[in-house]
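Note sheet for the following structure.
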Amino acid sequence: MTAHVRLSRRGILKGAGALVVSLAAVNASMPGLALGAAADPKMLGSWIALHDDGTVTVYLGKVELGQGNGTTMLQLVAEELDLDMAKVAAAQVDTARSMNQGATVSSSSIQQAGGQIRAAAAEMRQELLRRASQRLGVPMDKLTTARGQVQGDGKSITYQALIDRELTTIPVTGKAPLKAPADYHVVGQRVARVDIPAKIDGSFTYMQQVKVPGMLHGRVVRPGGQSAYGKAASIVAVDPSSIADLKDVQIVRRGNFLAVVAKRQWDAVRAAEQLRVRWAFQAALPETQGLYSKMRSARTDDAVMLAEGDVAKASAAHVVRGTFHGPYQSHAPFGPSCAIADLTGEVAVLQCSSQDVFALRDRVAKLLNRDAQTVRVQYMEGAGCYGHSCYDDAALAAVIMAQEVGKPVRVQFSRANEIGWDNYGPAHVGEVVIGADKDGKLVSYQYDGWHHGWHIEESTEELALDTPVRELNKGPGSLFVNKFVTGGMYAIPNRLLVNHAIPGLEGYLKGANLRAPMDLHYTFTSEQMIDQLAAQVGLDPFEFRRRNAANERWLSVLEAAAKAAEWKPRSSSEPLSGDVMKGRGIALGTHRASMGAAVVDIEVDRNSGEIVVKHVYAAMDCGIAVNPDIVESQIIGMAIQGTSRMLHEEVQFSAAQVTSLDWNSYPILRFGQHPEVTPIIVKRSDPPLGAGEEVLPAVGAAIANAFAAATGKRMTQYPMTPQRVLATLGA
Amino acid sequence: MQIKVNDKVHTIDADPDTPLLYVLADDLGLKGPRFGCGLAQCGSCSVLVDGKEIRSCVTPVSSVGDGHIVTLEGLPQFYAATKKLAQAPARHPVQQAFIDEQAPQCGYCYNGITVKACELLSQNPQPSDEQIREAMDGHLCRCGTYPRIMKAIKRAALEMQK
């Protein structure tokens, strides 16, 4: 794509008649008129448009992040409208046109947005039935829809023949009947993803490959990795003569925000490396090895998240307790963030890979001190990001550079920018005390969690602006101990969850949601102690979980994983000897709604301390799997990423700054060591739920439990690196 | 300076030390080779030069000389040439296998993954699992699609035997 605007809305509608479903309540707040993208206010805020060629455009607010939801959302529409998949397409996510469905986070696409889109499609189908009834003279209840036609009483008419010459907008009443799951023929099918062929033959355009006429290439200039959030390094001196040999390079500076902009990309890359800058650092970080003691001794803001029954009065025959530690981890997208800002026209246009284009639009407006109506943010798919990585940071950097040089600027983050300046999944200390009665029934559960909150300002804002940064650690959307993961999968009469918020502005790193946010910490702590308790009670860990499962759905996902793995209780005679020790572990996990279970086989090399995960059996109940092949692909990805995060990933830092800057200093699981994965979908007819996060924490904890099964020792800190393994085995 | 890319000779006006990647992406507008790390650590930018996989992000354009560069876009022709087919197929069997297995998620790393797998099968038509693991170990996939890559390479190998 070379132009800003691929198709105006008017263009999509081809100026002819079209039937548009809209949500009236949303219309007023939708921008667009000022942008000239949509002339008819009735069209604003529409979900679905049926065109005169019988095709349908869906205006999704959720973005394709590589997880396949671009395909599954279209399946929902094709299903409700009885259309072939080939007739349904999604419009680009664009603040000037799309529905504001909120950020693409927390596996919310299918759960929330999917429901909205389905309802809109059903509404359109009802309208088509009404019109066909009049035109054909057949009562509505005698009519059916199939493959883009309304049929009944021996007559039929195509959808497009039912469109007026004028554009008609129909409101979403919420009363249109939805198809019964038993009648599904698109939902539940292994429909091939629409985006894959172009990604395989080189014709797909990722954000990193978008070009705009006259654009320049920008690079941020930052010192290695980030410092403590709110205590950024400051510029002492910049020496422009150090890049005097490079032609057509401009230095951009605003506060401590420094960048270079060049005509040719290689010159920008060289200039960013070559430019001599003296930075002053504050040694505010605890260093990697001092992190957990600093967190645990911090002055905290404590809050009870959940208190059921009375843990103090519960009498338990068996009690286990443990303290566990989990690191900062990076999103580390495979392709570093990229964005293009063009401020040369009346409307500022920003192309980027933000998970929330509407929130970013408002931020850009604030940064530029202009009305949000004159800022347009367009989503272009980049590499998978797994949460709030640097896409907004890169976008804001592009805006500043474009403003300073007066031309469109493309900003490509370097590998060091991306890993070293990421908004990391926060570190965590978890303490859990769990009790069971003599029959192995869970009776009490207390979880205390220590972590700071989410960052609010991006690094570009922190560096460029004079205003102090803020932390989101109170109220909706803030980081709390997650009740669904900390014991929520079990029936426990007495449960107490306590959140200990540490002050994130007192010498910690930026924190943001990383796939299955914090859940890996919680399962690493909680599911290990569930295993320990099972051993103390004298029950097999699968059997112990089976007896205590919160409900039938948790029970069936647990049993599905165990069955696929042919789970057998370990016999006590199996020796824990030999150079390579083998172990099998089981665990449950979730984020919010879907349920995950995993059985994992590992090998531990007693001499090198190296762990190899051999096989992961991972089961998920996500309600109706809209596209089972995509769900299985997600399960496989979560198994691999869960293995990577449990064995390898940890952000390293000195007192002054982060030192994890590339794939050597932030290693991830490599091809040569990947486990075989058996994905299992638990078949259900319940409404579809998100399917991108829940298995990951189950896999991580199952690896930790497999380690204990293999070695008889418990790891209290991850990643489970050879060094830590040897220390644990030697202890 | 002239370089030969996907059977076509291009005249390039770039600093001789410019990494090949930026020439392919910016000057020739190719979308196969993608920036990933600039450090030859991940395989995102891989291309074939005379049938051998190299990292274009650290390869100065001047060092390629008259070597024949094949990018993701040119793999069907590369296959036709090595197999001595009269006509290039729409896709290299490895590309087709990645589609058949629905292997990619975000797909960004699949440039290098595909290029490397094509190199492997051109040198070793029936690799063992271990040989596939060894050959592909220098190519990272952050979405974690390794298992489907494995299946697809084996599928392509079978297909190419036919």
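Residue names in the structure tokens use chain letters A, B, ... in the order shown, residue numbers from 1 in each chain, and ligand numbers from 1 in the order shown.
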Give me, as a PyMOL selection string, the contact residues of chain A against chain B at a cut-off of 6 Å, counting only C-alpha atoms.
chain A and resi 66-67+199+201-202+334-335+383-384+415+637+640-641+670-672
Write the residues of the selection above to a file with N, CA and C atoms, as a PDB file, in the first residue's frame.
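Saved the output as again_32.pdb:
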ATOM      1  N   GLY A  66      -2.271 -11.409  14.165  1.00  0.00           N
ATOM      2  CA  GLY A  66      -1.602 -12.643  13.791  1.00  0.00           C
ATOM      3  C   GLY A  66      -2.226 -13.850  14.449  1.00  0.00           C
ATOM      4  N   GLN A  67      -3.298 -13.607  15.213  1.00  0.00           N
ATOM      5  CA  GLN A  67      -3.929 -14.722  15.923  1.00  0.00           C
ATOM      6  C   GLN A  67      -5.088 -15.309  15.137  1.00  0.00           C
ATOM      7  N   LYS A 199       1.013 -13.825   3.110  1.00  0.00           N
ATOM      8  CA  LYS A 199       2.148 -13.761   4.024  1.00  0.00           C
ATOM      9  C   LYS A 199       3.231 -14.755   3.618  1.00  0.00           C
ATOM     10  N   ASP A 201       3.775 -15.688   0.253  1.00  0.00           N
ATOM     11  CA  ASP A 201       4.378 -15.450  -1.066  1.00  0.00           C
ATOM     12  C   ASP A 201       5.039 -14.081  -1.187  1.00  0.00           C
ATOM     13  N   GLY A 202       4.997 -13.284  -0.113  1.00  0.00           N
ATOM     14  CA  GLY A 202       5.693 -12.007  -0.145  1.00  0.00           C
ATOM     15  C   GLY A 202       4.849 -10.863  -0.671  1.00  0.00           C
ATOM     16  N   PHE A 334       8.739 -10.292  16.996  1.00  0.00           N
ATOM     17  CA  PHE A 334       9.788 -10.710  16.075  1.00  0.00           C
ATOM     18  C   PHE A 334      10.196  -9.582  15.127  1.00  0.00           C
ATOM     19  N   GLY A 335       9.240  -8.743  14.758  1.00  0.00           N
ATOM     20  CA  GLY A 335       9.538  -7.565  13.947  1.00  0.00           C
ATOM     21  C   GLY A 335       9.375  -6.340  14.816  1.00  0.00           C
ATOM     22  N   ALA A 383       4.294  -7.376  13.113  1.00  0.00           N
ATOM     23  CA  ALA A 383       4.570  -8.702  13.663  1.00  0.00           C
ATOM     24  C   ALA A 383       3.720  -8.880  14.917  1.00  0.00           C
ATOM     25  N   GLY A 384       3.444 -10.130  15.304  1.00  0.00           N
ATOM     26  CA  GLY A 384       2.655 -10.402  16.501  1.00  0.00           C
ATOM     27  C   GLY A 384       3.256  -9.682  17.702  1.00  0.00           C
ATOM     28  N   ARG A 415      16.163  -3.539  17.150  1.00  0.00           N
ATOM     29  CA  ARG A 415      15.972  -4.669  18.073  1.00  0.00           C
ATOM     30  C   ARG A 415      16.218  -4.218  19.513  1.00  0.00           C
ATOM     31  N   GLY A 637       0.840 -22.374  19.884  1.00  0.00           N
ATOM     32  CA  GLY A 637       1.635 -21.173  20.143  1.00  0.00           C
ATOM     33  C   GLY A 637       1.800 -20.906  21.625  1.00  0.00           C
ATOM     34  N   ILE A 640       4.318 -23.350  23.133  1.00  0.00           N
ATOM     35  CA  ILE A 640       5.710 -23.002  22.819  1.00  0.00           C
ATOM     36  C   ILE A 640       6.123 -21.738  23.583  1.00  0.00           C
ATOM     37  N   GLN A 641       5.250 -20.730  23.570  1.00  0.00           N
ATOM     38  CA  GLN A 641       5.604 -19.486  24.268  1.00  0.00           C
ATOM     39  C   GLN A 641       5.671 -19.718  25.779  1.00  0.00           C
ATOM     40  N   ARG A 670      14.298 -21.883  21.009  1.00  0.00           N
ATOM     41  CA  ARG A 670      14.686 -22.015  19.604  1.00  0.00           C
ATOM     42  C   ARG A 670      14.048 -23.255  18.987  1.00  0.00           C
ATOM     43  N   PHE A 671      14.111 -23.287  17.673  1.00  0.00           N
ATOM     44  CA  PHE A 671      13.500 -24.384  16.918  1.00  0.00           C
ATOM     45  C   PHE A 671      14.018 -25.745  17.370  1.00  0.00           C
ATOM     46  N   GLY A 672      15.332 -25.833  17.549  1.00  0.00           N
ATOM     47  CA  GLY A 672      15.966 -27.117  17.849  1.00  0.00           C
ATOM     48  C   GLY A 672      15.471 -27.759  19.131  1.00  0.00           C
TER      49      GLY A 672
END
Using DSSP on the backbone coordinates, identify all residues within segment 49-86 of chain B classified as strand (DSSP E or B); present the result as a PyMOL selection string.
chain B and resi 49+52-55+60+68-70
Preceding selection exported with C-alpha atoms as a PDB file, in the first residue's frame:
ATOM      1  CA  VAL B  49      22.529 -16.189  -2.831  1.00  0.00           C
ATOM      2  CA  LYS B  52      22.723 -20.570  -0.062  1.00  0.00           C
ATOM      3  CA  GLU B  53      20.768 -18.849   2.707  1.00  0.00           C
ATOM      4  CA  ILE B  54      22.363 -15.624   3.971  1.00  0.00           C
ATOM      5  CA  ARG B  55      21.294 -12.816   6.290  1.00  0.00           C
ATOM      6  CA  PRO B  60      26.876  -5.347   2.322  1.00  0.00           C
ATOM      7  CA  HIS B  68      22.109 -14.611  -7.922  1.00  0.00           C
ATOM      8  CA  ILE B  69      19.853 -13.367  -5.139  1.00  0.00           C
ATOM      9  CA  VAL B  70      16.561 -15.207  -4.692  1.00  0.00           C
TER      10      VAL B  70
END
Just want the 9 Å neighbourhood of Ile163 of chain A, counted on only C-alpha atoms, with same-chain residues fewer than 2 positions away dropped. Output as a ChimeraX atom specification.
/A:17-19,50-52,128,131,159-161,165-168
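Computed from the coordinates, the atom CA of Asp301 of chain A to atom CA of Tyr445 of chain A distance equals 21.3 Å.
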Can you list every residue in segment 611-670 of chain A that DSSP puts in alpha helix (DSSP H), as a VMD selection string?
chain A and resid 628 to 647
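Interatomic distance, atom CA of Ala397 of chain A to atom CA of Ile235 of chain A: 16.9 Å.
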Near segment 562-566 of chain A, counting only C-alpha atoms, which residues have an atom at most 10 Å away, once you skip same-chain residues fewer than 6 positions from it, shown as number ranges by chain?
A: 542, 556, 584, 586, 597-601, 615-619, 678-680
Could those residues be written to a file, using N, CA and C atoms, as a PDB file, in the first residue's frame?
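Done, and the output landed in result.pdb:
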ATOM      1  N   PHE A 542      -3.163 -35.468  39.495  1.00  0.00           N
ATOM      2  CA  PHE A 542      -4.362 -35.414  38.642  1.00  0.00           C
ATOM      3  C   PHE A 542      -5.600 -35.724  39.478  1.00  0.00           C
ATOM      4  N   SER A 556     -13.764 -31.323  33.000  1.00  0.00           N
ATOM      5  CA  SER A 556     -13.635 -31.944  31.677  1.00  0.00           C
ATOM      6  C   SER A 556     -12.370 -31.485  30.960  1.00  0.00           C
ATOM      7  N   ARG A 584       7.028 -35.837  34.553  1.00  0.00           N
ATOM      8  CA  ARG A 584       5.771 -35.444  33.922  1.00  0.00           C
ATOM      9  C   ARG A 584       4.991 -34.614  34.928  1.00  0.00           C
ATOM     10  N   ILE A 586       1.437 -31.849  35.632  1.00  0.00           N
ATOM     11  CA  ILE A 586       0.090 -31.465  35.195  1.00  0.00           C
ATOM     12  C   ILE A 586      -0.272 -30.156  35.890  1.00  0.00           C
ATOM     13  N   ALA A 597      -5.727 -26.661  30.509  1.00  0.00           N
ATOM     14  CA  ALA A 597      -5.062 -27.699  31.293  1.00  0.00           C
ATOM     15  C   ALA A 597      -3.908 -28.236  30.472  1.00  0.00           C
ATOM     16  N   ALA A 598      -2.841 -28.637  31.163  1.00  0.00           N
ATOM     17  CA  ALA A 598      -1.686 -29.144  30.426  1.00  0.00           C
ATOM     18  C   ALA A 598      -1.024 -30.289  31.162  1.00  0.00           C
ATOM     19  N   VAL A 599      -0.532 -31.247  30.381  1.00  0.00           N
ATOM     20  CA  VAL A 599       0.365 -32.285  30.882  1.00  0.00           C
ATOM     21  C   VAL A 599       1.648 -32.142  30.084  1.00  0.00           C
ATOM     22  N   VAL A 600       2.773 -32.133  30.792  1.00  0.00           N
ATOM     23  CA  VAL A 600       4.050 -31.875  30.122  1.00  0.00           C
ATOM     24  C   VAL A 600       5.078 -32.928  30.518  1.00  0.00           C
ATOM     25  N   ASP A 601       5.818 -33.411  29.532  1.00  0.00           N
ATOM     26  CA  ASP A 601       6.936 -34.319  29.778  1.00  0.00           C
ATOM     27  C   ASP A 601       8.239 -33.565  29.580  1.00  0.00           C
ATOM     28  N   HIS A 615       7.285 -32.979  25.346  1.00  0.00           N
ATOM     29  CA  HIS A 615       5.927 -33.060  24.803  1.00  0.00           C
ATOM     30  C   HIS A 615       4.964 -32.263  25.686  1.00  0.00           C
ATOM     31  N   VAL A 616       4.117 -31.490  25.051  1.00  0.00           N
ATOM     32  CA  VAL A 616       3.074 -30.755  25.767  1.00  0.00           C
ATOM     33  C   VAL A 616       1.715 -31.229  25.256  1.00  0.00           C
ATOM     34  N   TYR A 617       0.886 -31.700  26.160  1.00  0.00           N
ATOM     35  CA  TYR A 617      -0.509 -32.017  25.839  1.00  0.00           C
ATOM     36  C   TYR A 617      -1.327 -30.896  26.457  1.00  0.00           C
ATOM     37  N   ALA A 618      -1.959 -30.081  25.627  1.00  0.00           N
ATOM     38  CA  ALA A 618      -2.635 -28.904  26.176  1.00  0.00           C
ATOM     39  C   ALA A 618      -4.092 -28.883  25.734  1.00  0.00           C
ATOM     40  N   ALA A 619      -4.985 -28.775  26.709  1.00  0.00           N
ATOM     41  CA  ALA A 619      -6.415 -28.782  26.420  1.00  0.00           C
ATOM     42  C   ALA A 619      -7.033 -27.441  26.760  1.00  0.00           C
ATOM     43  N   THR A 678       0.525 -31.552  21.493  1.00  0.00           N
ATOM     44  CA  THR A 678      -0.769 -32.145  21.148  1.00  0.00           C
ATOM     45  C   THR A 678      -1.870 -31.207  21.641  1.00  0.00           C
ATOM     46  N   PRO A 679      -2.514 -30.475  20.726  1.00  0.00           N
ATOM     47  CA  PRO A 679      -3.581 -29.557  21.147  1.00  0.00           C
ATOM     48  C   PRO A 679      -4.917 -30.291  21.246  1.00  0.00           C
ATOM     49  N   ILE A 680      -5.669 -29.983  22.275  1.00  0.00           N
ATOM     50  CA  ILE A 680      -6.968 -30.635  22.472  1.00  0.00           C
ATOM     51  C   ILE A 680      -8.026 -29.564  22.718  1.00  0.00           C
TER      52      ILE A 680
END
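Distance check against Glu404 of chain A using only C-alpha atoms: of A:Asp342, A:Glu273, A:Glu610, A:Asp662, the minimum falls on A:Asp342.
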Do you know which residues are at most 9 Å from Ala593 of chain A counting only C-alpha atoms, after dropping those on the same chain fewer than 2 positions away, and could you put them as a ChimeraX atom specification?
/A:484,590-591,595,622,689-690,694
